[in-house]
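Down below is the structure, laid out as structure tokens.
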Number of protein chains: 2
Amino acid sequence: MHLTNEQLDTFEREGWLFLPEVFNRQEAKGLRADARQVFALDRVEVVREKDQKTARTAFAAHTYNDGFRRVGRHPRLINPVMQALGGPVYMHQYKVNAKAAFNGDVWQWHQDYGTWARDDLMPEPRAMNIALFLDDVTEFNGALLFIPRSHQAGVIEAGHDVSTTSYPLWTIDNRTIARLVEEGGLVSPKGPGGSVVLFHSNLVHASPSNMSPFDRTIVYLSLCHVDNRIRQFKRPEWIAHRDFTPIVPLADDCLRTRQAEDSQP
Amino acid sequence: MHLTNEQLDTFEREGWLFLPEVFNRQEAKGLRADARQVFALDRVEVVREKDQKTARTAFAAHTYNDGFRRVGRHPRLINPVMQALGGPVYMHQYKVNAKAAFNGDVWQWHQDYGTWARDDLMPEPRAMNIALFLDDVTEFNGALLFIPRSHQAGVIEAGHDVSTTSYPLWTIDNRTIARLVEEGGLVSPKGPGGSVVLFHSNLVHASPSNMSPFDRTIVYLSLCHVDNRIRQFKRPEWIAHRDFTPIVPLADDCLRTRQAEDSQP
């Protein structure tokens with residue numbers, strides 16, 4: 001798993017990169033079982049939707065679930081980001097977003113670095129997301145929406161929306177979104193479970209609600225260059241981590257060996 | 001505009017039929033201007049979203065707007081439905097659904113005939129919708145979701161949802177939707193403004209919210225066979241009409257001649 005120069009150029013220009021089927025069906029299936037376990041936990045890290053029942057997102061799942069611990073150090077996710085950011089990275093944020101069948105609510109238009117800068121005083125956008133689809137992502141179950149090249153606008157003014165969903169978010173106004181879409185268009189990466197998408201921390205993105213009977217679970221690793229660690233610890237540790245240790249990737253078969261271990265008597 | 005036997009068979013089996021670009025760009029553009037005027041009116045027929053500002057749907061627009069009056073008697077919409085229903089039709093309901101950019105809210109999973117039977121005592125599902133896209137419908141702006149062949153299930157049990165959106169609706173439970181989708185799948189007809197979609201009054205459908213900067217205005221004619229008129233007048237006349245006169249289609253160029261008339265000094 002190594003990005004080509006062409007892929008790195010595309011990422012720089014467009015702000016995102018889709019990598020289909022980086023993980024196989026068996027790996028994705030095992031992690032879906034982990035996600036079900038995690039969403040059923042009564043923990044502060046597991047944020048519910050407005051119905052106070054459906055899981056919306058499970059923060060820091062790599063700290064209390066073995067499958068997600070391995071994903072958080074998986075070479076197929078860590079290596080491309082180290083390449084794109086040019087050096088060692090630590091885990092700034094980790095979440096498993098449920099976007100559950102029927103009840104998964106929207107994520108409004110926002111930039112991630114906007115929040116990391118405002119709330120956590122992260123010095124620069126030398127951090128990014130890499131997302132792993134656990135379910136097939138289709139036009140029906142709340143696929144991500146990206147505005148290509150919007151990362152080139154830097155940090156955009158935002159307002160703190162505390163009412164639309166159960167989770168407060170710094171969101172961007174409609175007029176700005178309309179202008180950015182006029183310039184860059186809209187894309188919506190879709191593909192089978194096991195696919196991966198990288199996106200720049202200043203890329204403006206959103207996702208609609210999920211009315212379909214199909215879950216749309218995605219794991220997000222938000223990785224930050226170790227020289228760019230956050231300066232303010234306002235948010236809980238399980239939302240904005242304070243362990244700045246460089247991540248050392250595990251072996252490529254780390255999810256398979258675990259399944260082998262698990263199946264032993 | 002005449003449906004082939006193959007198209008009629010498809011409609012019978014699948015419960016829906018997509019007809020791309022039945023109206024041309026000029027006709028669609030003129031009607032978008034009409035829609036803007038209608039949505040700006042302070043009338044009881046114009047229902048707002050939960051924000052009490054954005055137009056959600058304009059009922060009975062054919063009774064107070066000349067463009068929509070012509071659409072309500074347009075041969076390209078009336079003739080196919082007369083074919084499918086096997087006889088003359090009257091206008092049971094007429095609405096222009098806005099699904100406005102950024103603010104257009106969901107329509108939950110439902111069958112139209114379920115409401116017409118329960119609220120209006122329409123004897124049989126000898127009525128159907130024909131929808132005209134005024135804007136391009138894409139994967140981004142809240143396209144309709146159909147469950148193919150779900151019309152074959154007849155009238156499905158439903159609950160009256162008065163809280164999800166600003167408009168009360170008889171909606172179908174998640175377990176039933178999951179089963180119907182397992183059997184029939186999901187489709188989402190998309191296409192340029194001017195395209196038309198017919199669907200059976202028992203076809204289960206929904207539409208997600210619109211987060212994009214693109215409006216998604218659609219005109220819905222709900223046409224009923226004249227022998228199948230409603231028996232109960234519980235809902236306002238502008239929601240469930242009581243004029244059972246058979247519709248006589250206008251000329252095919254009725255929208256063009258109007259534009260010509262309008263442009264005269």
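Residues in the structure tokens are named by chain (A, B, ... in the order shown) and by number from 1 within that chain; ligands are numbered from 1 in the order shown.
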> Near region 133-150 of chain A, counting only C-alpha atoms, which residues have an atom at most 7 Å away, once you skip same-chain residues fewer than 6 positions from it, shown as JSON, numbers by chain?
Replying inline: {"A": [13, 14, 15, 28, 31, 32, 180, 181, 184, 185, 186, 187, 188, 189, 190, 191, 192, 193, 194, 195, 196, 203, 204, 205, 206, 207, 208, 209, 210, 211, 212, 214, 215, 216, 217, 218, 219], "B": [139]}
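Across the structure, CA of Asp105 (chain A) and CA of His92 (chain A) are spaced 23.9 Å apart.
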>> According to DSSP computed on the backbone, where in region 76-225 of chain A is there strand (DSSP E)? Give the residues as a ChimeraX atom specification.
In response: /A:89-97,107-110,127-133,145-146,159-161,169-171,196-200,205-207,218-225
>> Can you pull out the residues contacting Lys53 (chain B)? Cut-off 12 Å, using only C-alpha atoms, and skip same-chain residues under 4 positions away; I want them as JSON, numbers by chain.
In response: {"B": [39, 40, 41, 42, 46, 47, 48, 49, 57, 100, 103, 104, 166]}
For N, CA, C and O atoms, I'd like the residues from the last selection saved as an mmCIF file, in the first residue's frame.
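Saved to out23.cif:
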```cif
data_model
loop_
_atom_site.group_PDB
_atom_site.id
_atom_site.type_symbol
_atom_site.label_atom_id
_atom_site.label_comp_id
_atom_site.auth_asym_id
_atom_site.auth_seq_id
_atom_site.Cartn_x
_atom_site.Cartn_y
_atom_site.Cartn_z
ATOM 1 N N PHE B 39 -44.387 29.789 -4.845
ATOM 2 C CA PHE B 39 -43.815 29.570 -3.515
ATOM 3 C C PHE B 39 -43.742 30.874 -2.705
ATOM 4 O O PHE B 39 -43.682 30.844 -1.481
ATOM 5 N N ALA B 40 -43.753 32.002 -3.409
ATOM 6 C CA ALA B 40 -43.670 33.295 -2.715
ATOM 7 C C ALA B 40 -45.035 33.775 -2.231
ATOM 8 O O ALA B 40 -45.124 34.768 -1.494
ATOM 9 N N LEU B 41 -46.098 33.091 -2.651
ATOM 10 C CA LEU B 41 -47.444 33.532 -2.285
ATOM 11 C C LEU B 41 -47.745 33.224 -0.817
ATOM 12 O O LEU B 41 -47.358 32.177 -0.304
ATOM 13 N N ASP B 42 -48.463 34.118 -0.193
ATOM 14 C CA ASP B 42 -48.913 33.896 1.178
ATOM 15 C C ASP B 42 -50.322 33.311 1.125
ATOM 16 O O ASP B 42 -51.311 34.029 1.268
ATOM 17 N N VAL B 46 -49.939 26.891 0.275
ATOM 18 C CA VAL B 46 -48.483 26.778 0.229
ATOM 19 C C VAL B 46 -47.968 26.391 1.630
ATOM 20 O O VAL B 46 -47.884 27.232 2.524
ATOM 21 N N VAL B 47 -47.649 25.125 1.773
ATOM 22 C CA VAL B 47 -47.212 24.592 3.065
ATOM 23 C C VAL B 47 -45.715 24.844 3.226
ATOM 24 O O VAL B 47 -44.948 24.633 2.293
ATOM 25 N N ARG B 48 -45.318 25.326 4.412
ATOM 26 C CA ARG B 48 -43.900 25.628 4.659
ATOM 27 C C ARG B 48 -43.218 24.466 5.374
ATOM 28 O O ARG B 48 -43.861 23.650 6.016
ATOM 29 N N GLU B 49 -41.869 24.428 5.293
ATOM 30 C CA GLU B 49 -41.103 23.452 6.066
ATOM 31 C C GLU B 49 -41.167 23.821 7.553
ATOM 32 O O GLU B 49 -41.749 24.839 7.924
ATOM 33 N N THR B 57 -44.448 22.519 -0.162
ATOM 34 C CA THR B 57 -45.297 22.078 -1.264
ATOM 35 C C THR B 57 -46.421 23.095 -1.462
ATOM 36 O O THR B 57 -46.906 23.677 -0.508
ATOM 37 N N ALA B 100 -36.487 22.277 -1.517
ATOM 38 C CA ALA B 100 -35.597 23.404 -1.787
ATOM 39 C C ALA B 100 -34.154 23.100 -1.427
ATOM 40 O O ALA B 100 -33.870 22.329 -0.510
ATOM 41 N N ASN B 103 -32.707 23.290 2.388
ATOM 42 C CA ASN B 103 -33.743 23.196 3.425
ATOM 43 C C ASN B 103 -34.851 22.198 3.150
ATOM 44 O O ASN B 103 -35.725 22.004 3.989
ATOM 45 N N GLY B 104 -34.846 21.559 1.962
ATOM 46 C CA GLY B 104 -35.921 20.632 1.625
ATOM 47 C C GLY B 104 -35.868 19.406 2.524
ATOM 48 O O GLY B 104 -34.851 18.721 2.572
ATOM 49 N N SER B 166 -43.217 18.939 8.638
ATOM 50 C CA SER B 166 -44.295 19.906 8.878
ATOM 51 C C SER B 166 -45.637 19.405 8.346
ATOM 52 O O SER B 166 -46.663 20.013 8.600
#
```
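Among the candidate residues A:Thr10, A:Gln93, A:Thr4, A:Thr171, the one lying nearest to Cys224 (chain A) is A:Gln93, with distances computed using only C-alpha atoms.
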>> as a PyMOL selection string, please: the residues near Arg231 (chain A) (cut-off 10 Å, only C-alpha atoms, same-chain neighbours under 3 positions excluded).
In response: chain A and resi 117+119-123+228+234+242
How would the residues just picked look written out with all heavy atoms as a compact mmCIF listing (two decimals), in the first residue's frame?
```
# COMPACT_ATOMS: atom_id res chain seq x y z
N ALA A 117 -8.80 23.50 14.67
CA ALA A 117 -8.12 24.77 14.92
C ALA A 117 -8.83 25.54 16.04
O ALA A 117 -8.20 25.99 16.99
CB ALA A 117 -8.09 25.60 13.64
N ASP A 119 -11.26 24.55 18.33
CA ASP A 119 -11.47 23.92 19.64
C ASP A 119 -10.17 23.41 20.27
O ASP A 119 -10.02 23.43 21.48
CB ASP A 119 -12.45 22.75 19.52
CG ASP A 119 -13.88 23.21 19.32
OD1 ASP A 119 -14.13 24.43 19.40
OD2 ASP A 119 -14.75 22.36 19.08
N ASP A 120 -9.25 22.93 19.41
CA ASP A 120 -8.08 22.22 19.95
C ASP A 120 -6.78 22.98 19.73
O ASP A 120 -5.72 22.52 20.15
CB ASP A 120 -7.96 20.84 19.27
CG ASP A 120 -9.27 20.04 19.33
OD1 ASP A 120 -9.97 20.15 20.35
OD2 ASP A 120 -9.57 19.31 18.36
N LEU A 121 -6.86 24.13 19.08
CA LEU A 121 -5.65 24.89 18.72
C LEU A 121 -4.58 24.02 18.04
O LEU A 121 -3.41 24.02 18.45
CB LEU A 121 -5.07 25.61 19.95
CG LEU A 121 -5.95 26.71 20.56
CD1 LEU A 121 -5.22 27.40 21.71
CD2 LEU A 121 -6.34 27.76 19.51
N MET A 122 -5.02 23.28 17.03
CA MET A 122 -4.06 22.55 16.19
C MET A 122 -3.41 23.59 15.28
O MET A 122 -4.11 24.31 14.57
CB MET A 122 -4.77 21.47 15.37
CG MET A 122 -3.81 20.61 14.56
SD MET A 122 -4.69 19.46 13.45
CE MET A 122 -5.26 18.20 14.60
N PRO A 123 -2.06 23.71 15.29
CA PRO A 123 -1.41 24.83 14.60
C PRO A 123 -1.70 24.92 13.11
O PRO A 123 -1.99 26.00 12.59
CB PRO A 123 0.08 24.59 14.85
CG PRO A 123 0.14 23.72 16.06
CD PRO A 123 -1.11 22.88 16.03
N ASN A 228 2.73 18.67 14.81
CA ASN A 228 1.58 19.59 14.68
C ASN A 228 0.54 19.33 15.78
O ASN A 228 -0.62 19.61 15.62
CB ASN A 228 0.96 19.37 13.30
CG ASN A 228 -0.04 20.44 12.91
OD1 ASN A 228 0.23 21.63 13.08
ND2 ASN A 228 -1.20 20.02 12.43
N LYS A 234 -9.41 21.48 25.58
CA LYS A 234 -10.75 21.91 26.01
C LYS A 234 -11.75 20.76 25.91
O LYS A 234 -12.63 20.62 26.73
CB LYS A 234 -11.20 23.05 25.08
CG LYS A 234 -12.30 23.92 25.62
CD LYS A 234 -12.56 25.11 24.69
CE LYS A 234 -13.52 24.77 23.57
NZ LYS A 234 -13.91 25.94 22.76
N ARG A 242 -4.63 13.11 23.48
CA ARG A 242 -3.42 13.80 23.95
C ARG A 242 -2.22 12.88 24.01
O ARG A 242 -1.23 13.18 24.66
CB ARG A 242 -3.70 14.39 25.34
CG ARG A 242 -4.69 15.54 25.27
CD ARG A 242 -5.42 15.73 26.57
NE ARG A 242 -6.75 16.29 26.31
CZ ARG A 242 -7.66 16.53 27.23
NH1 ARG A 242 -7.40 16.29 28.51
NH2 ARG A 242 -8.85 17.01 26.91
```
>> Considering only C-alpha atoms, can you say which of A:Asn174, A:Asn5, A:Gln232, A:Asn129 comes closest to Gly72 (chain A)?
In response: A:Asn129
>> I need the residue nearest chain A from this list: B:Val106, B:Asp161, B:Val226, B:Thr257. Use only C-alpha atoms for the distance.
In response: B:Val106
Those in region 20-245 of chain B with helix (DSSP H, G or I) from DSSP, as an mmCIF file with C-alpha atoms, in the first residue's frame:
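Saved to out_23.cif:
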```cif
data_model
loop_
_atom_site.group_PDB
_atom_site.id
_atom_site.type_symbol
_atom_site.label_atom_id
_atom_site.label_comp_id
_atom_site.auth_asym_id
_atom_site.auth_seq_id
_atom_site.Cartn_x
_atom_site.Cartn_y
_atom_site.Cartn_z
ATOM 1 C CA ARG B 25 -35.740 22.879 -21.502
ATOM 2 C CA GLN B 26 -37.760 25.966 -22.401
ATOM 3 C CA GLU B 27 -40.987 24.512 -21.031
ATOM 4 C CA ALA B 28 -39.261 23.433 -17.810
ATOM 5 C CA LYS B 29 -37.635 26.839 -17.415
ATOM 6 C CA GLY B 30 -40.942 28.675 -17.774
ATOM 7 C CA LEU B 31 -42.514 26.456 -15.137
ATOM 8 C CA ARG B 32 -39.613 27.022 -12.736
ATOM 9 C CA ALA B 33 -40.415 30.732 -12.913
ATOM 10 C CA ASP B 34 -44.065 29.886 -12.147
ATOM 11 C CA ALA B 35 -42.944 27.770 -9.190
ATOM 12 C CA ARG B 36 -40.907 30.634 -7.744
ATOM 13 C CA GLN B 37 -43.966 32.904 -7.970
ATOM 14 C CA VAL B 38 -46.218 30.309 -6.387
ATOM 15 C CA PHE B 39 -43.815 29.570 -3.515
ATOM 16 C CA ALA B 61 -51.395 25.400 -7.952
ATOM 17 C CA HIS B 62 -53.403 24.633 -11.098
ATOM 18 C CA THR B 63 -56.243 26.708 -9.619
ATOM 19 C CA ASP B 66 -51.796 29.794 -15.422
ATOM 20 C CA GLY B 67 -48.670 27.730 -16.172
ATOM 21 C CA PHE B 68 -49.669 25.042 -13.709
ATOM 22 C CA ARG B 69 -53.263 25.160 -14.953
ATOM 23 C CA ARG B 70 -51.936 24.169 -18.387
ATOM 24 C CA VAL B 71 -49.690 21.471 -16.891
ATOM 25 C CA PRO B 75 -51.738 15.836 -23.003
ATOM 26 C CA ARG B 76 -48.231 14.506 -22.339
ATOM 27 C CA LEU B 77 -49.272 13.895 -18.719
ATOM 28 C CA ILE B 78 -53.008 13.187 -18.961
ATOM 29 C CA ASN B 79 -52.964 10.791 -21.920
ATOM 30 C CA PRO B 80 -50.512 8.234 -20.487
ATOM 31 C CA VAL B 81 -52.485 8.105 -17.243
ATOM 32 C CA MET B 82 -55.805 7.687 -19.081
ATOM 33 C CA GLN B 83 -54.133 4.811 -20.908
ATOM 34 C CA ALA B 84 -52.832 3.200 -17.711
ATOM 35 C CA LEU B 85 -56.135 3.638 -15.854
ATOM 36 C CA ASP B 112 -50.308 7.564 -1.649
ATOM 37 C CA TYR B 113 -53.368 5.379 -1.978
ATOM 38 C CA GLY B 114 -53.095 4.530 1.716
ATOM 39 C CA THR B 115 -53.885 8.155 2.497
ATOM 40 C CA TRP B 116 -56.511 8.501 -0.227
ATOM 41 C CA ALA B 117 -58.308 5.400 1.072
ATOM 42 C CA ARG B 118 -58.098 6.281 4.772
ATOM 43 C CA ASP B 119 -58.718 10.022 4.618
ATOM 44 C CA ASP B 120 -60.805 10.417 1.461
ATOM 45 C CA SER B 150 -44.154 -2.927 -3.716
ATOM 46 C CA HIS B 151 -47.499 -1.848 -5.221
ATOM 47 C CA GLN B 152 -48.352 -5.551 -5.483
ATOM 48 C CA ALA B 153 -48.649 -5.688 -1.667
ATOM 49 C CA ASN B 174 -39.139 0.154 9.186
ATOM 50 C CA ARG B 175 -39.528 -3.602 9.443
ATOM 51 C CA THR B 176 -41.984 -3.639 6.524
ATOM 52 C CA ILE B 177 -39.771 -1.346 4.440
ATOM 53 C CA ALA B 178 -36.759 -3.603 5.042
ATOM 54 C CA ARG B 179 -38.753 -6.645 3.902
ATOM 55 C CA LEU B 180 -40.100 -4.920 0.781
ATOM 56 C CA VAL B 181 -36.614 -3.692 -0.186
ATOM 57 C CA GLU B 182 -35.206 -7.193 0.309
ATOM 58 C CA GLU B 183 -37.808 -8.426 -2.181
ATOM 59 C CA GLY B 184 -37.871 -5.582 -4.697
ATOM 60 C CA VAL B 226 -63.848 9.324 -12.852
ATOM 61 C CA ASP B 227 -65.706 6.170 -11.714
ATOM 62 C CA ASN B 228 -63.523 6.033 -8.598
#
```
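Between CA of Thr165 (chain B) and CA of Lys50 (chain B) the separation is 6.5 Å.
Note that the spacing between CA of Asp173 (chain A) and CA of His160 (chain A) amounts to 10.7 Å.
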> Which residue gives the smallest distance to Lys95 (chain B) among B:His110, B:His2, B:His200, B:His241, with only C-alpha atoms counted?
Replying inline: B:His241
